[in-house]
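J.: My questions will all concern the structure given below.
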Amino acid sequence: MAAVLNKFSGGTAFVLVMAVVALVGCAGRKAPPPPTISTGEFVDTALGQESISMWPGCTTQEVRQYRDQAEGNPVDALKGAMCLGVWARHGEDFDKAGQDAALGLRLARRALEVKPDSPLAQYVTAALTGLWAERFPQQGLKAVPEIERLAKEAAQAFPELDHGGPDRLLGELYLRAPAFPVSIGDSALAVEHYEAAVALAPQFAPNRLGLARAFLEDEQTDKACIEYHRFLKLVDDGKPDYGETPPQSLRRACRE
């Protein structure tokens with residue numbers, strides 16, 4: 001699941017849209033969006049031995065249950081946060097999705113307070129912070145240091161999590177954030193972290209697409225097209241793309 005950061009006018013703010021996240025409000029929603037495909041199950045030993053499904057589709061009842069059990073229960077707090085992340089991303093009502101993102105972030109931070117050394121809590125909190133920043137762009141730049149710090153901690157402790165998810169998140173952060181001195185945007189660092197994600201999970205299609213986009217931004221068009229066609233081959237072979245859509249700039253550069 002990749003993240004997408006969009007620059008705002010003047011480069012003074014940006015939006016981090018997590019493709020690995022989306023979310024659910026617990027009140028006032030008529031029906032949940034269609035379930036998404038979980039990116040898999042992972043065990044974070046800092047939380048115990050339970051296999052935890054990453055970014056699943058959840059019902060409203062399930063999210064309410066996770067929310068109500070979140071106090072002192074970091075596993076349920078993170079499950080609720082990821083469900084909410086999925087709903088926020090796919091919600092058609094922008095304002096409602098913002099509320100969902102904020103609730104998901106609160107649950108993720110609650111888990112992080114209880115288990116600050118948990119790579120899963122670090123990663124999910126970084127991802128939900130990005131999604132929240134996308135819905136509340138005025139705070140976007142202020143959120144960058146926290147996203148970077150938590151993603152780096154998760155990448156160091158559990159790089160394989162979510163198919164190289166922490167490095168994928170860092171790659172997207174460096175790819176789309178405004179460059180210095182406004183922020184930390186750096187296409188070379190984006191390439192470095194997306195290459196790390198690909199090395200960890202070469203068959204995970206969003207890693208390939210993210211690396212292609214990073215190469216293109218870094219003006220390495222030949223390498224970008226190689227990775228783009230590897231992404232297309234994975235999807236053609238039945239690997240899920242998790243809703244990732246190649247940008248027109250990449251399609252034009254590779255003459256699709």
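Convention: chains lettered A, B, ... in structure tokens order; per-chain residue numbering from 1; ligands numbered from 1 as shown.
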Can you check which parts of region 149-250 of chain A lie within 10 Å of region 110-123 of chain A? Per residue, the shortest pair of atoms and distance in Å to one decimal, counting only C-alpha atoms, sorted by chain and number, as JSON lines.

T.:
{"residue": "A:Arg149", "atom": "CA", "partner": "A:Gln122", "partner_atom": "CA", "distance": 8.9}
{"residue": "A:Leu150", "atom": "CA", "partner": "A:Gln122", "partner_atom": "CA", "distance": 5.1}
{"residue": "A:Ala151", "atom": "CA", "partner": "A:Tyr123", "partner_atom": "CA", "distance": 5.6}
{"residue": "A:Lys152", "atom": "CA", "partner": "A:Tyr123", "partner_atom": "CA", "distance": 8.8}
{"residue": "A:Glu153", "atom": "CA", "partner": "A:Gln122", "partner_atom": "CA", "distance": 7.0}
{"residue": "A:Ala154", "atom": "CA", "partner": "A:Pro119", "partner_atom": "CA", "distance": 4.5}
{"residue": "A:Ala155", "atom": "CA", "partner": "A:Pro119", "partner_atom": "CA", "distance": 7.8}
{"residue": "A:Gln156", "atom": "CA", "partner": "A:Pro119", "partner_atom": "CA", "distance": 8.6}
{"residue": "A:Ala157", "atom": "CA", "partner": "A:Pro119", "partner_atom": "CA", "distance": 6.2}
{"residue": "A:Phe158", "atom": "CA", "partner": "A:Pro119", "partner_atom": "CA", "distance": 6.1}
{"residue": "A:Pro159", "atom": "CA", "partner": "A:Pro119", "partner_atom": "CA", "distance": 8.9}
{"residue": "A:Leu161", "atom": "CA", "partner": "A:Leu120", "partner_atom": "CA", "distance": 7.6}
{"residue": "A:Asp162", "atom": "CA", "partner": "A:Leu120", "partner_atom": "CA", "distance": 9.1}
{"residue": "A:Gly165", "atom": "CA", "partner": "A:Tyr123", "partner_atom": "CA", "distance": 7.8}
{"residue": "A:Pro166", "atom": "CA", "partner": "A:Tyr123", "partner_atom": "CA", "distance": 6.2}
{"residue": "A:Asp167", "atom": "CA", "partner": "A:Tyr123", "partner_atom": "CA", "distance": 10.0}
{"residue": "A:Leu169", "atom": "CA", "partner": "A:Tyr123", "partner_atom": "CA", "distance": 8.6}

J.: For Gly80 (chain A), list every protein, DNA or RNA residue within 7 Å, evaluated using only C-alpha atoms, and leave out those in the same chain fewer than 2 positions away; present the list as a list in words.

T.: Val63, Tyr66, Arg67, Asp76, Ala77, Leu78, Met82, Cys83, Leu84, Gly104 and Leu107 of chain A

J.: Quick one: distance from CA of Glu92 (chain A) to CA of Gln61 (chain A) in Å, one decimal?

T.: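 Taking CA of Glu92 (chain A) as the start and CA of Gln61 (chain A) as the end point, the length is 19.7 Å.
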
J.: List the spatial neighbours of Glu160 (chain A) as a VMD selection string - criterion: any atom at most 7 Å away, only C-alpha atoms, same-chain residues fewer than 3 positions off excluded.

T.: chain A and resid 163 to 164 200

J.: Write to file, as a PDB file, in the first residue's frame, the residues of the selection just made, with C-alpha atoms.

T.:
ATOM      1  CA  HIS A 163       5.489  -6.058   2.647  1.00  0.00           C
ATOM      2  CA  GLY A 164       8.084  -3.383   3.291  1.00  0.00           C
ATOM      3  CA  LEU A 200      11.834  -6.969   0.882  1.00  0.00           C
TER       4      LEU A 200
END

J.: So that I can see what lies close to Gln203 (chain A), please list as an mmCIF file with N, CA, C and O atoms, in the first residue's frame the residues with an atom at most 12 Å from it, counting only C-alpha atoms and leaving out residues fewer than 6 positions away in the same chain.

T.:
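Full text of selection.cif as output:
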data_model
loop_
_atom_site.group_PDB
_atom_site.id
_atom_site.type_symbol
_atom_site.label_atom_id
_atom_site.label_comp_id
_atom_site.auth_asym_id
_atom_site.auth_seq_id
_atom_site.Cartn_x
_atom_site.Cartn_y
_atom_site.Cartn_z
ATOM 1 N N HIS A 163 4.758 -5.954 3.918
ATOM 2 C CA HIS A 163 5.489 -6.058 2.647
ATOM 3 C C HIS A 163 6.408 -4.859 2.404
ATOM 4 O O HIS A 163 6.381 -4.236 1.339
ATOM 5 N N GLY A 164 7.216 -4.552 3.416
ATOM 6 C CA GLY A 164 8.084 -3.383 3.291
ATOM 7 C C GLY A 164 7.352 -2.075 3.502
ATOM 8 O O GLY A 164 7.809 -1.028 3.030
ATOM 9 N N ALA A 197 11.938 -1.369 -0.152
ATOM 10 C CA ALA A 197 10.646 -2.057 -0.098
ATOM 11 C C ALA A 197 10.565 -3.159 -1.148
ATOM 12 O O ALA A 197 10.082 -4.264 -0.879
ATOM 13 N N LEU A 209 5.285 -0.086 -8.355
ATOM 14 C CA LEU A 209 4.743 1.151 -8.904
ATOM 15 C C LEU A 209 5.355 2.361 -8.205
ATOM 16 O O LEU A 209 5.693 3.365 -8.855
ATOM 17 N N GLU A 227 10.490 -0.619 -14.108
ATOM 18 C CA GLU A 227 9.695 -0.942 -12.922
ATOM 19 C C GLU A 227 8.203 -0.851 -13.202
ATOM 20 O O GLU A 227 7.412 -1.642 -12.676
ATOM 21 N N ARG A 230 7.195 -3.987 -14.868
ATOM 22 C CA ARG A 230 7.186 -5.070 -13.883
ATOM 23 C C ARG A 230 5.915 -5.004 -13.042
ATOM 24 O O ARG A 230 5.337 -6.046 -12.703
ATOM 25 N N PHE A 231 5.492 -3.800 -12.708
ATOM 26 C CA PHE A 231 4.221 -3.628 -12.003
ATOM 27 C C PHE A 231 3.066 -4.173 -12.843
ATOM 28 O O PHE A 231 2.221 -4.932 -12.340
ATOM 29 N N LEU A 232 3.009 -3.802 -14.108
ATOM 30 C CA LEU A 232 1.930 -4.276 -14.982
ATOM 31 C C LEU A 232 1.944 -5.793 -15.105
ATOM 32 O O LEU A 232 0.882 -6.432 -15.129
ATOM 33 N N LYS A 233 3.134 -6.384 -15.164
ATOM 34 C CA LYS A 233 3.234 -7.839 -15.273
ATOM 35 C C LYS A 233 2.691 -8.499 -14.011
ATOM 36 O O LYS A 233 1.976 -9.525 -14.101
ATOM 37 N N LEU A 234 3.005 -7.956 -12.854
ATOM 38 C CA LEU A 234 2.478 -8.512 -11.611
ATOM 39 C C LEU A 234 0.954 -8.475 -11.598
ATOM 40 O O LEU A 234 0.298 -9.460 -11.219
ATOM 41 N N VAL A 235 0.376 -7.353 -12.016
ATOM 42 C CA VAL A 235 -1.087 -7.226 -12.034
ATOM 43 C C VAL A 235 -1.688 -8.188 -13.063
ATOM 44 O O VAL A 235 -2.705 -8.836 -12.794
ATOM 45 N N ASP A 237 -0.536 -10.965 -13.866
ATOM 46 C CA ASP A 237 -0.410 -12.318 -13.322
ATOM 47 C C ASP A 237 -1.324 -12.559 -12.130
ATOM 48 O O ASP A 237 -1.248 -13.620 -11.499
ATOM 49 N N GLY A 238 -2.150 -11.571 -11.811
ATOM 50 C CA GLY A 238 -3.138 -11.755 -10.759
ATOM 51 C C GLY A 238 -2.781 -11.188 -9.412
ATOM 52 O O GLY A 238 -3.539 -11.350 -8.445
ATOM 53 N N LYS A 239 -1.643 -10.484 -9.307
ATOM 54 C CA LYS A 239 -1.302 -9.856 -8.035
ATOM 55 C C LYS A 239 -2.180 -8.617 -7.843
ATOM 56 O O LYS A 239 -2.340 -7.818 -8.778
ATOM 57 N N PRO A 240 -2.768 -8.437 -6.664
ATOM 58 C CA PRO A 240 -3.632 -7.257 -6.456
ATOM 59 C C PRO A 240 -2.832 -5.968 -6.486
ATOM 60 O O PRO A 240 -1.681 -5.921 -6.041
ATOM 61 N N ASP A 241 -3.461 -4.923 -7.026
ATOM 62 C CA ASP A 241 -2.798 -3.609 -7.034
ATOM 63 C C ASP A 241 -3.267 -2.726 -5.889
ATOM 64 O O ASP A 241 -2.754 -1.632 -5.695
#

J.: Going by DSSP on the backbone, which residues of region 143-203 of chain A come out as alpha helix (DSSP H)? List them as JSON, numbers by chain.

T.: {"A": [143, 144, 145, 146, 147, 148, 149, 150, 151, 152, 153, 154, 155, 156, 157, 161, 162, 163, 164, 165, 166, 167, 168, 169, 170, 171, 172, 173, 174, 175, 176, 187, 188, 189, 190, 191, 192, 193, 194, 195, 196, 197, 198, 199, 200]}

J.: So that I can see what lies close to region 252-256 of chain A, please list as a list of chain:residue names the residues with an atom at most 9 Å from it, counting only C-alpha atoms and leaving out residues fewer than 5 positions away in the same chain.

T.: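 In the requested format, the answer is A:Leu216, A:Thr221, A:Asp222, A:Ala224, A:Cys225, A:Ile226, A:Tyr228, A:His229, A:Pro247.
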
J.: Can you tell me, as a list in words, what residues are no more than 9 Å from Pro56 (chain A) when counting only C-alpha atoms, ignoring any on the same chain fewer than 5 positions away?

T.: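 My list of contacting residues is Pro35, Thr36, Ile37, Ser38, Thr39, Gly40, Lys79, Met82, Cys83 and Val86 of chain A.
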